[in-house]
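Visitor: mmCIF, C-alpha atoms and all ligand atoms, file my_file-v4.cif:
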data_final
loop_
_atom_site.group_PDB
_atom_site.id
_atom_site.type_symbol
_atom_site.label_atom_id
_atom_site.label_comp_id
_atom_site.auth_asym_id
_atom_site.auth_seq_id
_atom_site.Cartn_x
_atom_site.Cartn_y
_atom_site.Cartn_z
ATOM 1 C CA MET A 1235 -29.270 -131.104 56.377
ATOM 2 C CA ASN A 1236 -27.473 -127.890 55.557
ATOM 3 C CA LYS A 1237 -23.933 -127.059 54.563
ATOM 4 C CA ALA A 1238 -21.716 -124.313 55.890
ATOM 5 C CA VAL A 1239 -18.398 -122.632 55.430
ATOM 6 C CA PHE A 1240 -16.775 -121.749 58.739
ATOM 7 C CA LEU A 1241 -14.609 -118.676 58.452
ATOM 8 C CA ASP A 1242 -11.828 -117.655 60.739
ATOM 9 C CA ARG A 1243 -11.796 -113.857 60.988
ATOM 10 C CA ASP A 1244 -8.309 -112.342 61.343
ATOM 11 C CA GLY A 1245 -6.110 -113.329 58.412
ATOM 12 C CA VAL A 1246 -9.023 -114.682 56.378
ATOM 13 C CA LEU A 1247 -11.629 -111.901 56.251
ATOM 14 C CA ASN A 1248 -9.519 -108.979 57.455
ATOM 15 C CA GLU A 1249 -5.813 -108.284 57.776
ATOM 16 C CA ASP A 1250 -4.257 -110.121 60.670
ATOM 17 C CA ASN A 1251 -2.514 -107.987 63.246
ATOM 18 C CA PRO A 1252 -0.363 -109.598 65.946
ATOM 19 C CA ASN A 1253 -1.409 -106.768 68.264
ATOM 20 C CA TYR A 1254 -5.126 -107.431 67.746
ATOM 21 C CA VAL A 1255 -7.681 -105.411 65.810
ATOM 22 C CA TRP A 1256 -10.705 -103.809 67.410
ATOM 23 C CA GLU A 1257 -11.108 -100.393 65.831
ATOM 24 C CA ILE A 1258 -12.976 -100.043 62.544
ATOM 25 C CA GLU A 1259 -10.196 -97.801 61.180
ATOM 26 C CA LYS A 1260 -7.739 -100.669 61.576
ATOM 27 C CA PHE A 1261 -10.144 -103.399 60.505
ATOM 28 C CA LYS A 1262 -9.007 -103.828 56.891
ATOM 29 C CA ILE A 1263 -11.086 -106.259 54.901
ATOM 30 C CA LEU A 1264 -8.893 -108.312 52.585
ATOM 31 C CA PRO A 1265 -9.193 -108.074 48.788
ATOM 32 C CA ARG A 1266 -11.945 -110.120 47.098
ATOM 33 C CA VAL A 1267 -13.543 -111.105 50.410
ATOM 34 C CA PRO A 1268 -17.006 -109.661 49.610
ATOM 35 C CA GLU A 1269 -16.982 -111.459 46.228
ATOM 36 C CA ALA A 1270 -15.979 -114.743 47.840
ATOM 37 C CA ILE A 1271 -18.714 -114.401 50.444
ATOM 38 C CA ARG A 1272 -21.277 -113.699 47.738
ATOM 39 C CA LEU A 1273 -20.250 -116.747 45.679
ATOM 40 C CA LEU A 1274 -20.460 -119.090 48.660
ATOM 41 C CA LYS A 1275 -23.793 -117.646 49.712
ATOM 42 C CA GLU A 1276 -25.218 -118.078 46.207
ATOM 43 C CA ALA A 1277 -24.057 -121.703 46.262
ATOM 44 C CA GLY A 1278 -26.190 -122.323 49.342
ATOM 45 C CA TYR A 1279 -23.577 -122.309 52.080
ATOM 46 C CA ILE A 1280 -24.387 -120.945 55.515
ATOM 47 C CA LEU A 1281 -21.546 -118.606 56.435
ATOM 48 C CA ILE A 1282 -20.322 -118.743 59.994
ATOM 49 C CA VAL A 1283 -17.480 -116.723 61.480
ATOM 50 C CA VAL A 1284 -15.619 -118.528 64.278
ATOM 51 C CA THR A 1285 -12.972 -116.370 65.900
ATOM 52 C CA ASN A 1286 -10.797 -116.360 69.007
ATOM 53 C CA GLN A 1287 -10.945 -112.930 70.616
ATOM 54 C CA SER A 1288 -8.805 -113.312 73.697
ATOM 55 C CA GLY A 1289 -8.069 -109.579 73.578
ATOM 56 C CA ILE A 1290 -11.299 -109.369 75.576
ATOM 57 C CA ALA A 1291 -9.851 -111.553 78.356
ATOM 58 C CA LYS A 1292 -6.696 -109.442 78.235
ATOM 59 C CA GLY A 1293 -8.715 -106.259 78.695
ATOM 60 C CA LEU A 1294 -7.564 -104.737 75.396
ATOM 61 C CA TYR A 1295 -11.079 -104.297 74.064
ATOM 62 C CA THR A 1296 -14.649 -105.318 74.765
ATOM 63 C CA GLU A 1297 -17.324 -107.535 73.301
ATOM 64 C CA ALA A 1298 -18.946 -104.372 71.945
ATOM 65 C CA ASP A 1299 -15.798 -103.651 69.907
ATOM 66 C CA VAL A 1300 -15.897 -107.144 68.405
ATOM 67 C CA LEU A 1301 -19.566 -106.674 67.515
ATOM 68 C CA LYS A 1302 -18.796 -103.313 65.921
ATOM 69 C CA CYS A 1303 -16.193 -104.893 63.644
ATOM 70 C CA TYR A 1304 -18.690 -107.616 62.772
ATOM 71 C CA ALA A 1305 -21.362 -105.046 61.920
ATOM 72 C CA TYR A 1306 -18.892 -103.314 59.618
ATOM 73 C CA LEU A 1307 -17.962 -106.623 57.979
ATOM 74 C CA GLN A 1308 -21.642 -107.361 57.394
ATOM 75 C CA GLU A 1309 -22.139 -103.934 55.880
ATOM 76 C CA VAL A 1310 -19.328 -104.558 53.385
ATOM 77 C CA CYS A 1311 -20.647 -108.072 52.637
ATOM 78 C CA ASP A 1312 -24.304 -107.019 52.186
ATOM 79 C CA GLY A 1313 -25.379 -108.901 55.301
ATOM 80 C CA ALA A 1314 -24.497 -112.259 53.754
ATOM 81 C CA ILE A 1315 -22.890 -113.740 56.862
ATOM 82 C CA ASP A 1316 -25.281 -115.878 58.888
ATOM 83 C CA ALA A 1317 -23.613 -116.257 62.264
ATOM 84 C CA HIS A 1318 -20.754 -114.990 64.355
ATOM 85 C CA TYR A 1319 -19.214 -116.966 67.186
ATOM 86 C CA PHE A 1320 -16.309 -115.620 69.184
ATOM 87 C CA ALA A 1321 -14.335 -117.004 72.095
ATOM 88 C CA PRO A 1322 -13.384 -114.186 74.487
ATOM 89 C CA TYR A 1323 -11.309 -116.349 76.807
ATOM 90 C CA HIS A 1324 -7.652 -116.898 77.388
ATOM 91 C CA PRO A 1325 -6.314 -119.524 79.789
ATOM 92 C CA LYS A 1326 -3.662 -117.183 81.230
ATOM 93 C CA TYR A 1327 -6.083 -114.311 81.837
ATOM 94 C CA ASP A 1328 -9.403 -115.818 82.821
ATOM 95 C CA SER A 1329 -10.206 -119.408 82.011
ATOM 96 C CA GLU A 1330 -9.815 -122.355 79.748
ATOM 97 C CA SER A 1331 -12.670 -122.761 77.305
ATOM 98 C CA LEU A 1332 -13.645 -125.432 74.857
ATOM 99 C CA THR A 1333 -14.880 -122.649 72.597
ATOM 100 C CA ARG A 1334 -11.365 -121.334 72.084
ATOM 101 C CA LYS A 1335 -9.703 -122.839 69.018
ATOM 102 C CA PRO A 1336 -7.949 -125.303 68.708
ATOM 103 C CA ASP A 1337 -10.896 -126.658 70.681
ATOM 104 C CA SER A 1338 -14.041 -126.935 68.669
ATOM 105 C CA LEU A 1339 -17.104 -126.083 70.723
ATOM 106 C CA MET A 1340 -18.002 -123.038 68.581
ATOM 107 C CA ILE A 1341 -18.099 -125.287 65.525
ATOM 108 C CA GLU A 1342 -19.999 -128.033 67.317
ATOM 109 C CA LYS A 1343 -22.632 -125.587 68.553
ATOM 110 C CA ALA A 1344 -23.154 -124.269 65.034
ATOM 111 C CA ILE A 1345 -23.407 -127.798 63.625
ATOM 112 C CA ALA A 1346 -26.238 -128.502 66.060
ATOM 113 C CA LYS A 1347 -27.991 -125.169 65.654
ATOM 114 C CA TYR A 1348 -27.928 -125.129 61.847
ATOM 115 C CA ASN A 1349 -28.333 -128.889 61.344
ATOM 116 C CA LEU A 1350 -25.128 -129.065 59.335
ATOM 117 C CA SER A 1351 -23.771 -131.970 57.407
ATOM 118 C CA ARG A 1352 -20.124 -132.267 58.392
ATOM 119 C CA GLN A 1353 -19.145 -133.881 55.121
ATOM 120 C CA ASP A 1354 -20.644 -131.048 53.095
ATOM 121 C CA SER A 1355 -19.116 -128.280 55.213
ATOM 122 C CA TRP A 1356 -15.766 -126.526 55.186
ATOM 123 C CA LEU A 1357 -13.544 -124.351 57.306
ATOM 124 C CA VAL A 1358 -11.235 -121.699 55.897
ATOM 125 C CA GLY A 1359 -8.515 -120.540 58.277
ATOM 126 C CA ASP A 1360 -5.004 -119.149 58.339
ATOM 127 C CA SER A 1361 -3.602 -120.816 61.411
ATOM 128 C CA GLU A 1362 -2.887 -124.215 62.805
ATOM 129 C CA ARG A 1363 -5.485 -123.910 65.532
ATOM 130 C CA ASP A 1364 -8.271 -123.259 63.001
ATOM 131 C CA ILE A 1365 -7.374 -126.430 61.144
ATOM 132 C CA ILE A 1366 -7.155 -128.511 64.301
ATOM 133 C CA ALA A 1367 -10.515 -127.234 65.569
ATOM 134 C CA ALA A 1368 -12.206 -128.170 62.292
ATOM 135 C CA GLN A 1369 -10.576 -131.569 62.214
ATOM 136 C CA LYS A 1370 -11.922 -132.299 65.684
ATOM 137 C CA GLN A 1371 -15.368 -131.970 64.106
ATOM 138 C CA GLN A 1372 -14.473 -133.850 60.909
ATOM 139 C CA ILE A 1373 -14.846 -130.712 58.807
ATOM 140 C CA ARG A 1374 -12.694 -130.342 55.685
ATOM 141 C CA THR A 1375 -10.175 -127.523 55.781
ATOM 142 C CA ILE A 1376 -8.572 -124.992 53.496
ATOM 143 C CA LYS A 1377 -5.647 -122.983 54.788
ATOM 144 C CA VAL A 1378 -5.101 -119.562 53.231
ATOM 145 C CA ARG A 1379 -1.890 -117.579 52.932
ATOM 146 C CA THR A 1380 -3.367 -114.154 53.672
ATOM 147 C CA GLY A 1381 -2.802 -114.314 57.411
ATOM 148 C CA LYS A 1382 -0.160 -115.761 59.642
ATOM 149 C CA ASN A 1383 1.260 -117.796 56.750
ATOM 150 C CA GLU A 1384 2.670 -120.271 59.229
ATOM 151 C CA THR A 1385 5.355 -122.595 57.993
ATOM 152 C CA LEU A 1386 4.184 -125.442 60.211
ATOM 153 C CA PRO A 1387 3.557 -128.704 58.386
ATOM 154 C CA THR A 1388 -0.179 -128.306 58.809
ATOM 155 C CA GLN A 1389 -2.308 -131.273 57.963
ATOM 156 C CA THR A 1390 -4.846 -129.150 56.149
ATOM 157 C CA ASP A 1391 -6.808 -130.785 53.331
ATOM 158 C CA PHE A 1392 -6.079 -127.950 50.901
ATOM 159 C CA TRP A 1393 -4.186 -124.681 50.576
ATOM 160 C CA ALA A 1394 -5.432 -121.538 48.805
ATOM 161 C CA GLU A 1395 -3.967 -118.095 48.229
ATOM 162 C CA ASP A 1396 -6.916 -116.292 49.773
ATOM 163 C CA LEU A 1397 -10.595 -116.682 50.597
ATOM 164 C CA TYR A 1398 -11.615 -116.061 47.002
ATOM 165 C CA ALA A 1399 -9.381 -118.888 45.759
ATOM 166 C CA ALA A 1400 -10.729 -121.071 48.587
ATOM 167 C CA SER A 1401 -14.293 -120.313 47.533
ATOM 168 C CA GLN A 1402 -13.497 -121.289 43.940
ATOM 169 C CA MET A 1403 -12.070 -124.537 45.232
ATOM 170 C CA ILE A 1404 -15.163 -125.249 47.341
ATOM 171 C CA LEU A 1405 -17.498 -124.532 44.425
ATOM 172 C CA ASN A 1406 -15.541 -126.773 42.090
ATOM 173 C CA LEU A 1407 -15.186 -129.809 44.341
HETATM 174 MG MG MG B 1501 -6.632 -116.119 61.945
#
As structure tokens, what does this structure read like?
Ligand SMILES: [Mg+2]

Guide:
Amino acid sequence: MNKAVFLDRDGVLNEDNPNYVWEIEKFKILPRVPEAIRLLKEAGYILIVVTNQSGIAKGLYTEADVLKCYAYLQEVCDGAIDAHYFAPYHPKYDSESLTRKPDSLMIEKAIAKYNLSRQDSWLVGDSERDIIAAQKQQIRTIKVRTGKNETLPTQTDFWAEDLYAASQMILNL
């Protein structure tokens, strides 16, 4: 079986923006993200982005915009990311979806596709719904402070300052 690190996008890989991000000019990759990605990759983790993109359902941007941001991210990370799942839905605008976090279908699909061991895999996220989605799939979680920095009493397994600190934690556990 394989092991993976699931990565939320906004607030973990790039600066979170409450008004959504879909233009490359506003897609600011957070400090030390490429280094963190490289370390995890070298340690044998499959890297999988799992992101809610309900701005698509709201008509703010398109799937093509999301893919453009992903292509840019890959360019900065030397193509080290293995997969990219996004949930375009929003219950108020189009439909409910089990892919949308805090539901966990994106994670479950990736577990099946990449033959992942849940106990050897991780999720790094910045919001409550990332943590809940991972927990539904019995994946260990690290919550980072680079995004929403929610003050909710999240039941995350660990906290880290940013993705780089999270990657150090993963490599040392
Ligand atoms: Mg986020």

Visitor: Which residues are close to A:Lys1262, i.e. within 9 Å by all atoms listed in the file, leaving aside same-chain residues fewer than 5 positions away? Reply as a list in words.

Guide: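 My reading of the contact set: Leu1247, Asn1248, Glu1249 and Asp1250 of chain A.
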
Visitor: 7 Å from ligand MG 1501 (chain B) is the threshold here; counting all atoms listed in the file, which polymer residues fall inside it? Answer as a PyMOL selection string.

Guide: chain A and resi 1242-1246+1250+1359-1361+1381-1382

Visitor: Using atom CA of A:Cys1311 and atom CA of A:Arg1352 as the two end points, give the distance in Å to one decimal.

Guide: 24.9 Å

Visitor: List, as a VMD selection string, every residue that the PyMOL selection byres (((chain A and resi 1238) around 12) and not hetatm) selects in the file provided.

Guide: chain A and resid 1235 to 1237 1239 to 1241 1271 1274 to 1275 1277 to 1284 1315 to 1317 1341 1344 to 1358 1373 to 1375 1401 1404

Visitor: Go through A:Glu1330, A:Glu1342, A:Glu1384, A:Glu1395 one by one, measure the shortest atom-to-atom distance of each to A:Gln1371 using only C-alpha atoms, and give the residue with the smallest value.

Guide: A:Glu1342

Visitor: Take atom CA of A:Asp1312 and atom CA of A:Leu1264 and report the distance between them in Å, one decimal.

Guide: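 Straight-line distance from atom CA of A:Asp1312 to atom CA of A:Leu1264 works out to 15.5 Å.
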
Visitor: One number please: atom CA of A:Lys1335 to atom CA of A:Asn1406, in Å, one decimal.

Guide: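 Separation between atom CA of A:Lys1335 and atom CA of A:Asn1406: 27.8 Å.
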
Visitor: With all atoms listed in the file counted, which protein, DNA or RNA residues have an atom no more than 12 Å from (-6.8, -131.4, 65.0) in the file frame? Please answer as a ChimeraX atom specification.

Guide: /A:1335-1338,1361-1375,1388-1391

Visitor: Decode the PyMOL selection byres (((chain A and resi 1257) around 9) and not hetatm) for the given file into explicit residues and return them as a list in words.

Guide: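 Selection result, ordered by chain and number: Val1255, Trp1256, Ile1258, Glu1259, Lys1260, Phe1261, Asp1299, Val1300, Lys1302 and Cys1303 of chain A.
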
Visitor: To verify the selection step, state as a PyMOL selection string which residues the PyMOL selection byres (((chain A and resi 1398) around 7) and not hetatm) yields on this input.

Guide: chain A and resi 1266-1267+1270+1396-1397+1399-1402

Visitor: Considering all atoms listed in the file, can you say which of A:Phe1320, A:Pro1325, A:Leu1294, A:Ile1376 comes closest to A:Met1340?

Guide: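 Closest candidate: A:Phe1320.
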
Visitor: Point out the residue among A:Lys1377, A:Leu1273, A:Gly1293, A:Leu1407 with the least atom-to-atom distance to A:His1324, counting all atoms listed in the file.

Guide: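 Among A:Lys1377, A:Leu1273, A:Gly1293, A:Leu1407, it is A:Gly1293 that comes nearest to A:His1324.
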